[in-house]
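Following: one structure in structure tokens, then a few remarks.
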Amino acid sequence: MKIIKRPRRLRSNSLIRELIKETRLQVEDLVYPLFVVEGENIKKEISSLPGNYHFSIDKLIEEIDELEKLGIKYIMLFGIPNKKDEIGSQAYSKDGIVQKAIRSIKQRHKDIYIITDICLCQYTDHGHCGILEETGYVNNDETLEYLSKIAVSHAEAGADMVAPSDMMDGRIGHMRRKLDEDGYVNLPIMSYSIKYSSSFYGPFRDAAHSAPSFGDRKTYQMDPANPSEALREVQLDIEEGADIVMVKPALAYLDIIRKVKDKYDVPMAAYNVSGEYAMLKMAIKNDLLSEEAIYESLLSIKRAGADIIITYFAKEIAQKLKERY
Ligand code: PBG
């Protein structure tokens with residue numbers, strides 16, 4: 001046989017495979033989402049997200065000790081308030097759950113980077129991501145004032161980065177201006193630029209008690225059928241001052257991640273959402289897939305073009321990366 005080109009030469013042992021590896025997953029790529037609740041001494045597993053918990057602030061601090069041991073440096077905070085109202089006032093209260101959590105974390109952990117989710121849905125009694133008109137339609141421009149107030153209150157508490165997930169028009173520009181006016185010119189904004197109206201958020205809405213009490217989010221989140229619209233959303237966010245753009249969900253939208261990266265080459269995040277986590281977790285639990293499927297999925301997100309992966313798998317994959325895949 002006269003075969004000159006033999007790709008298998010570079011697959012013949014693990015050393016050579018390691019040498020030519022094109023994509024590497026690192027612990028620094030990972031952001032771990034955490035849910036914080038009011039109260040004390042609470043660490044309660046979230047049934048829809050096995051392996052993830054509702055933490056009171058004291059327990060959250062202990063969890064962060066664990067994360068530091070694993071080398072995880074980036075967290076994304078979600079607050080679950082005790083009280084909800086029409087305008088989500090607990091979201092921007094100085095003594096809101098997220099604001100208190102940020103201050104406590106920063107006292108003890110100087111080297112943890114705190115990103116906060118900016119949205120109203122966990123805080124409104126109707127569960128929508130903004131301020132409602134009488135018809136039930138979310139009023140865009142009025143909502144912007146509230147979102148920016150939340151962002152400024154997180155900045156005052158000591159957040160390192162804010163991440164608006166509401167999908168209102170013009171929110172990045174509005175928030176950038178308000179943050180700058182208050183002196184937070186160096187606080188980056190990671191925009192959930194491309195957030196599809198997805199059924200993969202189901203377990204999160206259970207975990208965060210944030211399902212809309214009527215209707216759906218289709219008047220503000222994007223139609224999963226639309227890739228060109230995704231590019232327009234990113235373009236707007238970059239023009240308005242977003243520092244990092246995000247695609248969400250990740251696994252069902254790898255084509256979108258690649259498309260954005262090819263066109264804009266800006267720092268990009270992808271959110272490996274709750275439904276994607278739950279699906280894989282179930283399959284592994286039932287011995288249908290091996291744990292390696294987690295690594296493979298996260299690698300595919302990185303290969304598609306994401307620099308940052310927000311994932312509920314952060315802890316387990318960090319452990320595996322330590323043991324070295
Ligand atoms: C809040 C928000 C949601 C998620 C992140 N921020 C839920 C939603 O839009 O309904 C989803 C995260 C996940 O599913 O893991 N707006």
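Going through the structure tokens in order, the chains are called A, B, and so on, while each chain numbers its residues from 1 and the ligands are numbered from 1 in the order shown.
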Inset, instruction - With a distance cut-off of 9 Å and only C-alpha atoms, select the neighbouring residues of Val260 (chain A), excluding the residue or stretch itself and same-chain residues fewer than 4 positions from it, and output the selection as a ChimeraX atom specification. - result: /A:230-231,234,247,255-256,264-266,268,305
Can you spit out the residues from that selection as a CSV table (one decimal), in the first residue's frame, using C-alpha atoms?
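What ended up in result-v8.csv:
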```csv
chain,number,residue,atom,x,y,z
A,230,ALA,CA,-28.8,37.4,16.4
A,231,LEU,CA,-26.1,39.3,14.5
A,234,VAL,CA,-24.8,41.8,18.8
A,247,VAL,CA,-25.2,33.5,23.4
A,255,ASP,CA,-24.0,27.6,15.0
A,256,ILE,CA,-24.9,31.0,16.4
A,264,TYR,CA,-17.2,40.2,15.3
A,265,ASP,CA,-14.3,38.5,17.2
A,266,VAL,CA,-15.3,40.2,20.5
A,268,MET,CA,-17.8,35.9,23.9
A,305,GLY,CA,-16.0,30.1,19.6
```
Legend entry - Close residues to ligand 1 using only C-alpha atoms and all ligand atoms, limit 10 Å, as an MDAnalysis selection string: chainID A and resid 33 49 76:78 116:122 127:130 163:167 192 195:212 216:217 220:221 248:249 271:278 310:312
Inset, instruction - Identify all residues of region 62-278 of chain A in helix (DSSP H, G or I) (DSSP on the backbone) and supply them as an NGL selection string. - result: :A and (62-70 or 89-91 or 97-108 or 140-157 or 171-181 or 199-207 or 227-240 or 251-264 or 274-278)
Legend entry - Selected residue, from A:Val152, A:Val36, A:Ile172, A:Leu299, that lies nearest to Ile57 (chain A) when counting only C-alpha atoms: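 Between A:Val152, A:Val36, A:Ile172, A:Leu299, the residue approaching Ile57 (chain A) most closely is A:Val36.
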Legend entry - Which of A:Ile72, A:Ile308, A:Met222, A:Leu30 sits closest to Met246 (chain A) [using only C-alpha atoms]: A:Ile308
